[in-house]
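Here is the file input_16.cif (mmCIF, C-alpha atoms and all ligand atoms).
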data_model
#
loop_
_atom_site.label_atom_id
_atom_site.label_comp_id
_atom_site.auth_asym_id
_atom_site.auth_seq_id
_atom_site.Cartn_x
_atom_site.Cartn_y
_atom_site.Cartn_z
CA MET A 22 29.77 6.97 -24.29
CA TYR A 23 27.13 6.66 -21.64
CA THR A 24 26.79 9.71 -19.42
CA ASP A 25 26.65 9.71 -15.64
CA LEU A 26 23.30 8.68 -14.22
CA ASN A 27 21.28 11.89 -14.08
CA PRO A 28 17.49 11.52 -14.02
CA GLY A 29 15.45 14.72 -13.54
CA LYS A 30 14.86 16.08 -10.05
CA ARG A 31 11.34 15.06 -9.06
CA VAL A 32 8.80 15.48 -6.33
CA LEU A 33 7.02 12.12 -6.16
CA MET A 34 3.33 12.74 -5.55
CA GLY A 35 1.88 9.84 -7.49
CA PRO A 36 0.52 6.43 -6.45
CA GLY A 37 4.06 5.22 -5.65
CA PRO A 38 6.96 5.22 -5.40
CA SER A 39 7.09 8.07 -2.90
CA ASP A 40 10.08 10.23 -2.04
CA VAL A 41 12.70 8.56 0.12
CA HIS A 42 14.19 10.15 3.26
CA PRO A 43 17.93 10.93 2.91
CA ARG A 44 18.60 8.69 5.91
CA VAL A 45 17.17 5.73 4.00
CA LEU A 46 19.29 6.51 0.93
CA LYS A 47 22.35 6.77 3.16
CA ALA A 48 21.54 3.43 4.83
CA MET A 49 21.42 1.82 1.37
CA SER A 50 25.02 2.77 0.68
CA THR A 51 26.26 1.03 3.85
CA PRO A 52 28.93 -1.54 2.86
CA LEU A 53 27.71 -5.08 2.28
CA VAL A 54 28.13 -7.96 4.64
CA GLY A 55 27.30 -11.55 3.77
CA HIS A 56 23.63 -12.46 4.07
CA LEU A 57 24.42 -15.07 6.74
CA ASP A 58 26.87 -12.81 8.58
CA PRO A 59 25.98 -12.61 12.28
CA ASP A 60 25.69 -8.82 11.96
CA PHE A 61 23.20 -9.17 9.13
CA LEU A 62 21.18 -11.71 11.11
CA THR A 63 20.82 -9.09 13.85
CA ILE A 64 19.70 -6.56 11.25
CA MET A 65 17.10 -9.03 9.91
CA ASN A 66 15.83 -9.70 13.44
CA GLU A 67 15.51 -6.00 14.20
CA THR A 68 13.67 -5.46 10.93
CA ARG A 69 11.20 -8.22 11.87
CA GLU A 70 10.60 -6.73 15.30
CA MET A 71 9.94 -3.29 13.86
CA LEU A 72 7.66 -4.74 11.18
CA LYS A 73 5.57 -6.39 13.90
CA GLU A 74 5.11 -3.01 15.58
CA VAL A 75 4.08 -1.34 12.36
CA PHE A 76 1.68 -4.17 11.43
CA ARG A 77 0.45 -4.12 15.06
CA THR A 78 0.82 -7.87 15.38
CA LYS A 79 2.42 -10.53 17.54
CA ASN A 80 2.64 -12.92 14.55
CA GLU A 81 6.02 -14.69 14.62
CA LEU A 82 5.84 -15.15 10.87
CA THR A 83 6.36 -11.50 9.97
CA ILE A 84 9.11 -10.97 7.39
CA ALA A 85 10.01 -8.91 4.32
CA LEU A 86 9.89 -10.87 1.06
CA SER A 87 12.34 -10.11 -1.73
CA GLY A 88 10.10 -8.49 -4.31
CA THR A 89 7.65 -5.59 -4.61
CA GLY A 90 4.13 -5.40 -3.18
CA SER A 91 2.81 -7.73 -5.86
CA ALA A 92 5.18 -10.44 -4.61
CA GLY A 93 3.53 -10.06 -1.22
CA MET A 94 0.12 -10.49 -2.86
CA GLU A 95 1.26 -13.57 -4.74
CA ALA A 96 2.91 -15.04 -1.63
CA CYS A 97 -0.24 -14.77 0.49
CA LEU A 98 -2.40 -16.43 -2.15
CA VAL A 99 0.00 -19.08 -3.43
CA ASN A 100 0.79 -20.34 0.08
CA LEU A 101 -2.84 -20.53 1.23
CA LEU A 102 -4.53 -21.83 -1.91
CA GLU A 103 -4.47 -25.32 -3.35
CA PRO A 104 -5.89 -26.36 -6.72
CA ASP A 105 -9.73 -26.40 -6.68
CA ASP A 106 -9.94 -24.27 -3.51
CA LYS A 107 -12.39 -21.40 -3.64
CA ALA A 108 -11.40 -17.82 -2.79
CA VAL A 109 -13.86 -14.94 -2.50
CA VAL A 110 -12.23 -11.87 -4.02
CA CYS A 111 -13.87 -8.50 -3.27
CA ILE A 112 -13.22 -6.33 -6.31
CA ASN A 113 -13.67 -2.55 -6.26
CA GLY A 114 -10.53 -1.50 -8.11
CA LEU A 115 -7.45 -2.56 -10.02
CA PHE A 116 -5.51 -4.33 -7.31
CA ALA A 117 -8.27 -6.72 -6.33
CA GLU A 118 -8.54 -7.66 -10.02
CA ARG A 119 -4.86 -8.64 -9.83
CA MET A 120 -5.68 -10.83 -6.82
CA ALA A 121 -8.33 -12.69 -8.82
CA ASP A 122 -5.81 -13.29 -11.61
CA ILE A 123 -3.34 -14.80 -9.12
CA VAL A 124 -6.07 -16.99 -7.57
CA LYS A 125 -6.67 -18.50 -11.02
CA ARG A 126 -2.96 -19.05 -11.59
CA CYS A 127 -2.88 -20.99 -8.29
CA GLY A 128 -5.35 -23.39 -9.92
CA ALA A 129 -8.03 -22.20 -7.50
CA GLU A 130 -11.44 -20.76 -8.26
CA PRO A 131 -12.06 -17.04 -7.65
CA VAL A 132 -15.59 -16.23 -6.50
CA ILE A 133 -15.85 -12.58 -7.50
CA LEU A 134 -17.81 -10.07 -5.46
CA PRO A 135 -17.96 -7.14 -7.87
CA THR A 136 -18.43 -3.57 -6.66
CA GLU A 137 -18.42 -0.36 -8.68
CA TRP A 138 -14.92 1.23 -8.70
CA GLY A 139 -14.84 4.15 -6.26
CA ASN A 140 -17.24 2.50 -3.78
CA ILE A 141 -16.53 0.41 -0.71
CA VAL A 142 -17.38 -3.27 -0.54
CA GLU A 143 -20.52 -3.57 1.60
CA PRO A 144 -20.39 -6.12 4.45
CA GLU A 145 -24.00 -7.05 3.63
CA GLU A 146 -22.87 -8.23 0.17
CA VAL A 147 -19.95 -10.16 1.67
CA LYS A 148 -22.37 -11.89 4.02
CA LYS A 149 -24.55 -12.97 1.10
CA VAL A 150 -21.65 -14.40 -0.90
CA LEU A 151 -20.27 -16.29 2.09
CA GLU A 152 -23.73 -17.72 2.83
CA LYS A 153 -24.40 -18.95 -0.66
CA THR A 154 -20.92 -20.35 -1.44
CA SER A 155 -19.74 -23.63 0.03
CA ARG A 156 -16.17 -24.66 0.93
CA VAL A 157 -14.57 -21.20 0.74
CA LYS A 158 -10.91 -21.23 1.79
CA LEU A 159 -10.25 -17.51 2.06
CA LEU A 160 -11.58 -14.04 1.43
CA ALA A 161 -9.26 -11.44 -0.09
CA ILE A 162 -9.78 -7.68 0.01
CA VAL A 163 -7.82 -4.46 -0.52
CA HIS A 164 -7.61 -2.09 2.46
CA ALA A 165 -6.43 1.02 0.58
CA GLU A 166 -7.42 0.87 -3.09
CA THR A 167 -4.77 2.99 -4.79
CA SER A 168 -6.67 3.01 -8.07
CA THR A 169 -9.65 4.88 -6.58
CA GLY A 170 -8.49 6.49 -3.31
CA VAL A 171 -11.01 4.52 -1.26
CA ARG A 172 -10.40 3.18 2.26
CA GLN A 173 -12.19 -0.11 2.87
CA PRO A 174 -13.43 -0.64 6.47
CA LEU A 175 -12.41 -4.14 7.55
CA GLU A 176 -13.79 -4.86 11.05
CA GLU A 177 -17.23 -6.07 10.00
CA ILE A 178 -15.94 -8.10 7.09
CA SER A 179 -13.35 -9.72 9.35
CA ARG A 180 -16.13 -10.79 11.71
CA LEU A 181 -18.04 -12.36 8.82
CA THR A 182 -15.01 -14.37 7.70
CA LYS A 183 -14.51 -15.66 11.25
CA GLU A 184 -18.18 -16.70 11.44
CA ALA A 185 -17.83 -18.55 8.17
CA GLY A 186 -14.50 -20.15 9.13
CA VAL A 187 -12.76 -18.50 6.17
CA LEU A 188 -9.20 -17.14 6.17
CA PHE A 189 -8.97 -13.34 5.89
CA VAL A 190 -6.37 -11.95 3.46
CA VAL A 191 -5.71 -8.19 3.30
CA ASP A 192 -3.76 -5.99 0.87
CA ALA A 193 -2.14 -3.27 2.98
CA VAL A 194 0.30 -2.05 0.34
CA THR A 195 -0.87 1.57 0.43
CA SER A 196 -2.31 1.58 3.94
CA LEU A 197 0.66 0.43 6.06
CA ALA A 198 2.26 3.40 7.88
CA GLY A 199 -0.27 5.83 6.33
CA ILE A 200 -3.54 4.90 8.06
CA PRO A 201 -4.15 2.49 10.98
CA VAL A 202 -3.55 -1.17 10.11
CA GLU A 203 -4.61 -3.49 12.96
CA THR A 204 -3.46 -6.95 11.95
CA ASP A 205 -4.23 -8.65 15.29
CA LYS A 206 -7.28 -6.65 16.31
CA TRP A 207 -8.91 -7.27 12.93
CA LYS A 208 -7.86 -10.95 13.08
CA VAL A 209 -6.21 -10.84 9.67
CA ASP A 210 -4.71 -14.20 8.64
CA ALA A 211 -2.38 -13.03 5.89
CA ILE A 212 -1.43 -9.44 5.17
CA TYR A 213 1.09 -7.93 2.78
CA SER A 214 2.51 -4.54 1.97
CA GLY A 215 5.22 -2.92 -0.12
CA THR A 216 8.12 -0.64 0.75
CA GLN A 217 7.53 2.06 -1.86
CA LYS A 218 4.26 3.63 -0.66
CA CYS A 219 3.77 5.05 2.86
CA LEU A 220 6.93 3.39 4.20
CA SER A 221 8.85 5.72 1.85
CA CYS A 222 11.53 3.26 0.93
CA PRO A 223 12.48 2.33 -2.65
CA PRO A 224 10.44 -0.49 -4.22
CA GLY A 225 11.94 -3.92 -3.66
CA LEU A 226 10.63 -5.58 -0.51
CA ALA A 227 7.20 -6.86 0.49
CA PRO A 228 6.53 -7.03 4.23
CA VAL A 229 4.12 -9.89 5.03
CA SER A 230 2.60 -11.38 8.16
CA PHE A 231 0.81 -14.72 8.64
CA SER A 232 -1.37 -15.67 11.64
CA ASP A 233 -1.10 -19.02 13.43
CA ARG A 234 -4.34 -20.06 11.75
CA ALA A 235 -2.79 -19.37 8.35
CA ILE A 236 0.36 -21.31 9.27
CA GLN A 237 -1.78 -24.27 10.38
CA SER A 238 -3.72 -24.15 7.15
CA ILE A 239 -0.47 -24.18 5.15
CA ALA A 240 0.84 -27.11 7.23
CA GLN A 241 -2.29 -29.09 6.31
CA ARG A 242 -1.83 -28.69 2.56
CA THR A 243 -1.99 -31.91 0.58
CA SER A 244 -0.15 -30.46 -2.44
CA PRO A 245 3.17 -28.58 -2.56
CA ILE A 246 3.16 -24.78 -2.61
CA ARG A 247 3.22 -23.85 -6.27
CA SER A 248 5.98 -21.28 -5.93
CA TRP A 249 9.50 -22.17 -4.87
CA TYR A 250 10.66 -18.57 -4.41
CA LEU A 251 7.68 -17.50 -2.32
CA ASP A 252 7.30 -20.69 -0.26
CA ILE A 253 6.65 -19.17 3.15
CA GLN A 254 7.71 -22.31 5.04
CA MET A 255 11.17 -22.21 3.47
CA LEU A 256 11.33 -18.42 3.90
CA GLN A 257 10.46 -18.78 7.58
CA SER A 258 13.43 -21.14 8.00
CA TYR A 259 15.63 -18.52 6.32
CA TRP A 260 14.40 -15.56 8.41
CA GLY A 261 13.81 -17.64 11.56
CA LYS A 262 16.14 -19.32 14.04
CA GLU A 263 17.28 -22.06 11.65
CA ARG A 264 18.80 -19.62 9.14
CA PHE A 265 18.62 -22.14 6.32
CA TYR A 266 19.92 -20.68 3.09
CA HIS A 267 17.01 -20.19 0.70
CA HIS A 268 17.96 -17.25 -1.52
CA THR A 269 20.27 -14.30 -0.96
CA ALA A 270 18.30 -11.48 0.64
CA PRO A 271 18.81 -8.10 -1.08
CA ILE A 272 21.05 -6.84 1.71
CA ASN A 273 20.89 -3.10 0.94
CA MET A 274 17.12 -3.17 0.60
CA VAL A 275 16.93 -4.66 4.08
CA TYR A 276 19.22 -1.84 5.29
CA ALA A 277 16.82 0.61 3.67
CA LEU A 278 13.69 -0.95 5.16
CA ARG A 279 15.27 -1.08 8.61
CA GLU A 280 16.02 2.65 8.44
CA ALA A 281 12.57 3.46 7.01
CA LEU A 282 10.92 1.53 9.86
CA ARG A 283 13.14 3.28 12.39
CA LEU A 284 11.90 6.61 10.98
CA VAL A 285 8.27 5.46 11.25
CA LEU A 286 8.68 4.42 14.89
CA GLU A 287 10.65 7.54 15.80
CA GLU A 288 7.80 9.66 14.47
CA GLY A 289 5.20 7.41 16.13
CA LEU A 290 2.41 5.62 14.29
CA GLU A 291 -0.40 7.84 15.59
CA GLU A 292 1.58 10.99 14.79
CA ARG A 293 2.27 9.67 11.33
CA PHE A 294 -1.42 8.92 10.70
CA TYR A 295 -2.27 12.42 11.91
CA ARG A 296 0.30 13.97 9.56
CA HIS A 297 -1.25 12.13 6.59
CA GLN A 298 -4.74 13.35 7.57
CA LEU A 299 -3.57 16.93 8.09
CA HIS A 300 -1.84 17.42 4.74
CA SER A 301 -4.53 15.57 2.83
CA LYS A 302 -7.20 17.83 4.31
CA ALA A 303 -5.15 20.90 3.33
CA LEU A 304 -4.74 19.54 -0.19
CA VAL A 305 -8.46 18.82 -0.50
CA ALA A 306 -9.31 22.31 0.83
CA GLY A 307 -7.12 23.72 -1.94
CA LEU A 308 -8.53 21.50 -4.68
CA GLU A 309 -12.14 22.17 -3.70
CA ALA A 310 -11.52 25.93 -3.56
CA MET A 311 -10.31 25.61 -7.15
CA GLY A 312 -13.63 23.95 -8.03
CA LEU A 313 -12.39 20.36 -8.26
CA LYS A 314 -14.32 17.40 -6.87
CA MET A 315 -12.92 14.42 -4.96
CA ILE A 316 -13.90 10.90 -6.02
CA ALA A 317 -14.11 9.15 -2.63
CA PRO A 318 -16.69 10.33 -0.08
CA LEU A 319 -15.09 11.99 2.97
CA GLU A 320 -15.83 9.04 5.24
CA TYR A 321 -13.89 6.56 3.09
CA ARG A 322 -11.23 8.88 1.67
CA LEU A 323 -7.58 7.84 1.84
CA PRO A 324 -5.33 10.67 3.01
CA GLU A 325 -2.30 9.16 1.26
CA LEU A 326 -3.97 8.84 -2.14
CA ASN A 327 -6.20 11.72 -3.18
CA ALA A 328 -8.21 10.87 -6.28
CA VAL A 329 -9.87 13.91 -7.84
CA TYR A 330 -11.99 14.41 -10.97
CA ILE A 331 -10.35 16.33 -13.80
CA PRO A 332 -12.40 19.47 -14.55
CA GLU A 333 -14.57 19.43 -17.66
CA GLY A 334 -12.66 20.39 -20.83
CA ILE A 335 -9.19 19.92 -19.32
CA ASP A 336 -6.85 17.39 -20.91
CA ASP A 337 -5.34 14.89 -18.50
CA VAL A 338 -2.01 14.31 -20.22
CA THR A 339 -1.34 18.00 -21.01
CA VAL A 340 -1.60 18.89 -17.34
CA ARG A 341 0.46 15.97 -16.06
CA LYS A 342 3.17 16.68 -18.66
CA ALA A 343 3.33 20.32 -17.56
CA LEU A 344 3.51 19.32 -13.90
CA LEU A 345 6.45 17.05 -14.66
CA ASN A 346 8.32 19.22 -17.15
CA GLU A 347 7.83 22.63 -15.56
CA TYR A 348 7.66 21.77 -11.86
CA GLY A 349 9.23 18.32 -11.56
CA ILE A 350 6.06 16.97 -9.93
CA GLU A 351 4.86 13.45 -10.65
CA ILE A 352 1.20 12.58 -10.02
CA GLY A 353 -0.79 9.60 -11.30
CA GLY A 354 -3.47 9.43 -13.98
CA GLY A 355 -6.76 7.58 -13.62
CA LEU A 356 -7.15 3.84 -14.17
CA GLY A 357 -10.03 1.76 -15.50
CA LYS A 358 -13.23 3.80 -15.73
CA PHE A 359 -11.31 6.83 -14.37
CA LYS A 360 -8.77 6.85 -17.22
CA GLY A 361 -8.52 10.43 -18.52
CA LYS A 362 -11.12 11.47 -15.94
CA ALA A 363 -9.16 11.59 -12.69
CA TRP A 364 -5.81 12.45 -11.17
CA ARG A 365 -4.31 10.54 -8.29
CA ILE A 366 -2.27 12.71 -5.97
CA GLY A 367 -0.13 10.83 -3.50
CA LEU A 368 0.89 12.19 -0.10
CA MET A 369 2.79 9.17 1.13
CA GLY A 370 5.36 9.03 3.89
CA TYR A 371 8.23 11.44 3.24
CA SER A 372 6.28 13.03 0.35
CA CYS A 373 3.48 14.02 2.73
CA SER A 374 4.42 17.58 3.71
CA LYS A 375 3.04 21.12 3.75
CA ALA A 376 5.75 22.21 1.30
CA ASN A 377 4.60 19.61 -1.23
CA VAL A 378 0.91 20.49 -0.80
CA MET A 379 1.64 24.18 -1.42
CA LEU A 380 3.99 23.49 -4.34
CA PHE A 381 1.46 21.20 -6.01
CA LEU A 382 -1.51 23.55 -5.57
CA SER A 383 0.35 26.55 -7.00
CA ALA A 384 1.72 24.51 -9.89
CA LEU A 385 -1.71 23.10 -10.73
CA GLU A 386 -3.35 26.52 -10.50
CA ASN A 387 -0.84 28.03 -12.92
CA ILE A 388 -1.24 25.19 -15.39
CA LEU A 389 -5.05 25.29 -15.22
CA LYS A 390 -4.94 29.06 -15.88
CA THR A 391 -2.86 28.44 -19.00
CA GLU A 392 -5.50 25.89 -20.04
CA LYS A 393 -8.18 28.61 -19.73
CA TYR A 394 -9.88 27.03 -16.75
CA ALA A 395 -11.68 29.66 -14.66
CA ILE A 396 -10.55 29.19 -11.06
CA PRO A 397 -13.21 30.28 -8.55
CA GLU A 398 -10.75 30.66 -5.65
CA HIS A 399 -7.03 30.33 -5.05
CA GLY A 400 -6.08 26.81 -3.93
CA ILE A 401 -3.02 27.85 -1.93
CA SER A 402 -4.97 30.54 -0.06
CA ALA A 403 -7.57 27.98 1.00
CA ALA A 404 -4.88 25.48 2.04
CA ALA A 405 -2.96 28.17 3.95
CA GLU A 406 -6.13 29.16 5.77
CA PHE A 407 -6.77 25.52 6.64
CA TYR A 408 -3.27 25.21 8.12
CA ARG A 409 -3.75 28.44 10.10
CA ASN A 410 -7.00 27.15 11.61
CA GLU A 411 -5.42 23.83 12.53
CA ASN A 412 -2.74 25.51 14.62
C1 LIG A 501 1.14 -0.55 -5.51
C2 LIG A 501 0.14 -1.56 -5.08
C3 LIG A 501 0.33 -2.94 -5.27
C4 LIG A 501 1.49 -3.48 -6.05
O1 LIG A 501 2.71 -3.15 -5.51
P1 LIG A 501 4.01 -3.15 -6.44
O2 LIG A 501 5.06 -2.65 -5.49
O3 LIG A 501 3.75 -2.24 -7.58
O4 LIG A 501 4.25 -4.54 -6.87
C5 LIG A 501 -0.61 -3.80 -4.77
N1 LIG A 501 -1.72 -3.36 -4.13
C6 LIG A 501 -1.94 -2.06 -3.95
C7 LIG A 501 -3.18 -1.62 -3.23
C8 LIG A 501 -1.02 -1.12 -4.41
O5 LIG A 501 -1.27 0.18 -4.24
#

Can you dump the structure from the file as structure tokens?
Ligand SMILES: *Cc1c(COP(=O)(O)O)cnc(C)c1O
Amino acid sequence: MYTDLNPGKRVLMGPGPSDVHPRVLKAMSTPLVGHLDPDFLTIMNETREMLKEVFRTKNELTIALSGTGSAGMEACLVNLLEPDDKAVVCINGLFAERMADIVKRCGAEPVILPTEWGNIVEPEEVKKVLEKTSRVKLLAIVHAETSTGVRQPLEEISRLTKEAGVLFVVDAVTSLAGIPVETDKWKVDAIYSGTQKCLSCPPGLAPVSFSDRAIQSIAQRTSPIRSWYLDIQMLQSYWGKERFYHHTAPINMVYALREALRLVLEEGLEERFYRHQLHSKALVAGLEAMGLKMIAPLEYRLPELNAVYIPEGIDDVTVRKALLNEYGIEIGGGLGKFKGKAWRIGLMGYSCSKANVMLFLSALENILKTEKYAIPEHGISAAAEFYRNEN
């Protein structure tokens, strides 16, 4: 017979999913109502209003798509692109590569701006590409590159897209509710996120927001949107006043997102950003005391995703297995050129706490000692001192 569901107890400190607040788990077990029930319509409306606050936008077309972050990515591109359109894709990590793949599947042409993984995309380079390429429909870029731990500044690049009359598409999957995301101020035309990173909700929904300019551009399409499920015009009629049946929204996931957003707004966005900075700095103080080196330069470092080089002579998988089996801690391995060379330590949403920083640093120190790595200084002492000085 099959046993009761009983996965191991874990502390989720990887690139997602992150730990989920008990209030969110409780909200998920709220009894179902029909997806067109007046009570559920109120819940959808409240979720939209809270999403607008978190995205810092007035965009009417702000909803949560049924699907993970990648569905948000696909939705933004498939609605805006028509066959033979050109899209500049700024690639400095894994997720932008995924964007380029989707652009091709839309029948459009990706114009790749390649950048070394671990670096930011330079506005100067964006300017050059936009100048030398004609008839560009949109520019797509990742705000928080989870594969490298790099935060991409967006203000200057936004200005360049406006000058060139190009739509601006932003991946905010790992940035939303972890670092400032300014949808309106940065004049973003289409932005998407996911529930499982800094929103600390299980994976399953993709918050998205489209500007009026983007909606106009979609209205002027001469060919049908190539996805039925992610057709934003039909989804707007479902989430909007008309309430046309499109598909059945995953009711309990919407409950979960509503509660997760309520938690974000109760804490306050600025307070939440500060908390991510604080615990990341403590973690980095600990890691550096132990002689480890961060990948991203301080200026562009993501607090919610701390990518660090694995010390010379230490085996990636051995350490991650020990973290999981002996301490119940999940972290991420490196991707692409960082495979086997880096660890990715997430401090996202509910996972971002002093207790987790201290647990992780002591666990890592013990494992590294077993692996005969000579630790110059104690990680937890350095982190504790950092916390003391912050108070
Ligand atoms: C996780 C992630 C995605 C994909 O989200 P899924 O929920 O895994 O579909 C896209 N972009 C970035 C930057 C991410 O970190």

Residues within 9 Å of ligand LIG 501 (chain A) should be enumerated using all atoms listed in the file and returned as a PDB file with C-alpha atoms, in the coordinates of the input.
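Final output, selection-v8.pdb:
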ATOM      1  CA  PRO A  36       0.520   6.430  -6.450  1.00  0.00           C
ATOM      2  CA  GLY A  37       4.060   5.220  -5.650  1.00  0.00           C
ATOM      3  CA  PRO A  38       6.960   5.220  -5.400  1.00  0.00           C
ATOM      4  CA  GLY A  88      10.100  -8.490  -4.310  1.00  0.00           C
ATOM      5  CA  THR A  89       7.650  -5.590  -4.610  1.00  0.00           C
ATOM      6  CA  GLY A  90       4.130  -5.400  -3.180  1.00  0.00           C
ATOM      7  CA  SER A  91       2.810  -7.730  -5.860  1.00  0.00           C
ATOM      8  CA  ALA A  92       5.180 -10.440  -4.610  1.00  0.00           C
ATOM      9  CA  GLY A  93       3.530 -10.060  -1.220  1.00  0.00           C
ATOM     10  CA  MET A  94       0.120 -10.490  -2.860  1.00  0.00           C
ATOM     11  CA  GLY A 114     -10.530  -1.500  -8.110  1.00  0.00           C
ATOM     12  CA  LEU A 115      -7.450  -2.560 -10.020  1.00  0.00           C
ATOM     13  CA  PHE A 116      -5.510  -4.330  -7.310  1.00  0.00           C
ATOM     14  CA  ALA A 117      -8.270  -6.720  -6.330  1.00  0.00           C
ATOM     15  CA  ARG A 119      -4.860  -8.640  -9.830  1.00  0.00           C
ATOM     16  CA  MET A 120      -5.680 -10.830  -6.820  1.00  0.00           C
ATOM     17  CA  VAL A 163      -7.820  -4.460  -0.520  1.00  0.00           C
ATOM     18  CA  HIS A 164      -7.610  -2.090   2.460  1.00  0.00           C
ATOM     19  CA  ALA A 165      -6.430   1.020   0.580  1.00  0.00           C
ATOM     20  CA  GLU A 166      -7.420   0.870  -3.090  1.00  0.00           C
ATOM     21  CA  THR A 167      -4.770   2.990  -4.790  1.00  0.00           C
ATOM     22  CA  SER A 168      -6.670   3.010  -8.070  1.00  0.00           C
ATOM     23  CA  ASP A 192      -3.760  -5.990   0.870  1.00  0.00           C
ATOM     24  CA  ALA A 193      -2.140  -3.270   2.980  1.00  0.00           C
ATOM     25  CA  VAL A 194       0.300  -2.050   0.340  1.00  0.00           C
ATOM     26  CA  THR A 195      -0.870   1.570   0.430  1.00  0.00           C
ATOM     27  CA  SER A 196      -2.310   1.580   3.940  1.00  0.00           C
ATOM     28  CA  TYR A 213       1.090  -7.930   2.780  1.00  0.00           C
ATOM     29  CA  SER A 214       2.510  -4.540   1.970  1.00  0.00           C
ATOM     30  CA  GLY A 215       5.220  -2.920  -0.120  1.00  0.00           C
ATOM     31  CA  THR A 216       8.120  -0.640   0.750  1.00  0.00           C
ATOM     32  CA  GLN A 217       7.530   2.060  -1.860  1.00  0.00           C
ATOM     33  CA  LYS A 218       4.260   3.630  -0.660  1.00  0.00           C
ATOM     34  CA  PRO A 224      10.440  -0.490  -4.220  1.00  0.00           C
ATOM     35  CA  GLY A 225      11.940  -3.920  -3.660  1.00  0.00           C
ATOM     36  CA  LEU A 226      10.630  -5.580  -0.510  1.00  0.00           C
ATOM     37  CA  ALA A 227       7.200  -6.860   0.490  1.00  0.00           C
TER      38      ALA A 227
END

Exercise. In Å to one decimal, how far is CA of Trp138 in chain A from CA of Asn327 in chain A?
Worked result: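 Interatomic distance, CA of Asn327 in chain A to CA of Trp138 in chain A: 14.7 Å.
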
Exercise. Suppose you want the space between CA of Arg264 in chain A and CA of His56 in chain A; what is it in Å?
Worked result: 10.0 Å

Exercise. Counting all atoms listed in the file, which of A:Val142, A:Val109, A:Ile84, A:Cys127 gets nearest to Val187 in chain A?
Worked result: A:Val109

Exercise. Which of these residues is nearest to Lys206 in chain A, using only C-alpha atoms: A:Ala405, A:Leu181, A:Met65, A:Leu175?
Worked result: A:Leu175

Problem set entry | Spatial sel., origin (22.2, 0.6, -2.0), limit 10 Å, only C-alpha atoms, listed as a list in words | Val45, Leu46, Lys47, Ala48, Met49, Ser50, Thr51, Pro52, Leu53, Pro223, Pro271, Ile272, Asn273, Met274, Val275, Tyr276 and Ala277 of chain A

Which residues, written as a PDB file with C-alpha atoms, in the frame of the given file, have at least one atom at most 8 Å from Arg77 in chain A, with all atoms listed in the file counted and residues fewer than 3 positions away on the same chain left out?
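Output contents, as saved in around_27.pdb:
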ATOM      1  CA  LYS A  73       5.570  -6.390  13.900  1.00  0.00           C
ATOM      2  CA  GLU A  74       5.110  -3.010  15.580  1.00  0.00           C
ATOM      3  CA  VAL A 202      -3.550  -1.170  10.110  1.00  0.00           C
ATOM      4  CA  GLU A 203      -4.610  -3.490  12.960  1.00  0.00           C
ATOM      5  CA  THR A 204      -3.460  -6.950  11.950  1.00  0.00           C
ATOM      6  CA  ASP A 205      -4.230  -8.650  15.290  1.00  0.00           C
TER       7      ASP A 205
END

Exercise. Using all atoms listed in the file, which of A:Ala129, A:Ala281, A:Met369, A:Ala395 sits nearest Leu326 in chain A?
Worked result: A:Met369

Problem set entry | Which residue of A:Ile352, A:Ala85, A:Leu368, A:Leu188 approaches Met71 in chain A most closely, using all atoms listed in the file |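 Nearest candidate to Met71 in chain A out of A:Ile352, A:Ala85, A:Leu368, A:Leu188: A:Ala85.
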
For this session: Name all residues at most 8 Å from Ile253 in chain A (count all atoms listed in the file; drop same-chain ones fewer than 3 positions away) and give them as a VMD selection string.
Result: chain A and resid 96 100 256 to 257

Problem set entry | Non-local contacts of Met34 in chain A (7 Å; all atoms listed in the file; under 3 positions in same chain excluded) as a ChimeraX atom specification | /A:39,350-352,366-368,372

For this session: Show which residues sit within 10 Å of Thr182 in chain A, as a list in words. Count only C-alpha atoms, and ignore same-chain residues fewer than 4 positions away.
Result: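 Near Thr182 in chain A, the qualifying residues are Val147, Lys148, Leu151, Val157, Lys158, Leu159, Leu160, Glu177, Ile178, Gly186, Val187, Leu188, Phe189, Val190, Lys208 and Val209 of chain A.
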
Problem set entry | Using all atoms listed in the file: which of A:Gly199, A:Gly261, A:Gly370, A:Gly289 has the shortest distance to His42 in chain A | A:Gly370
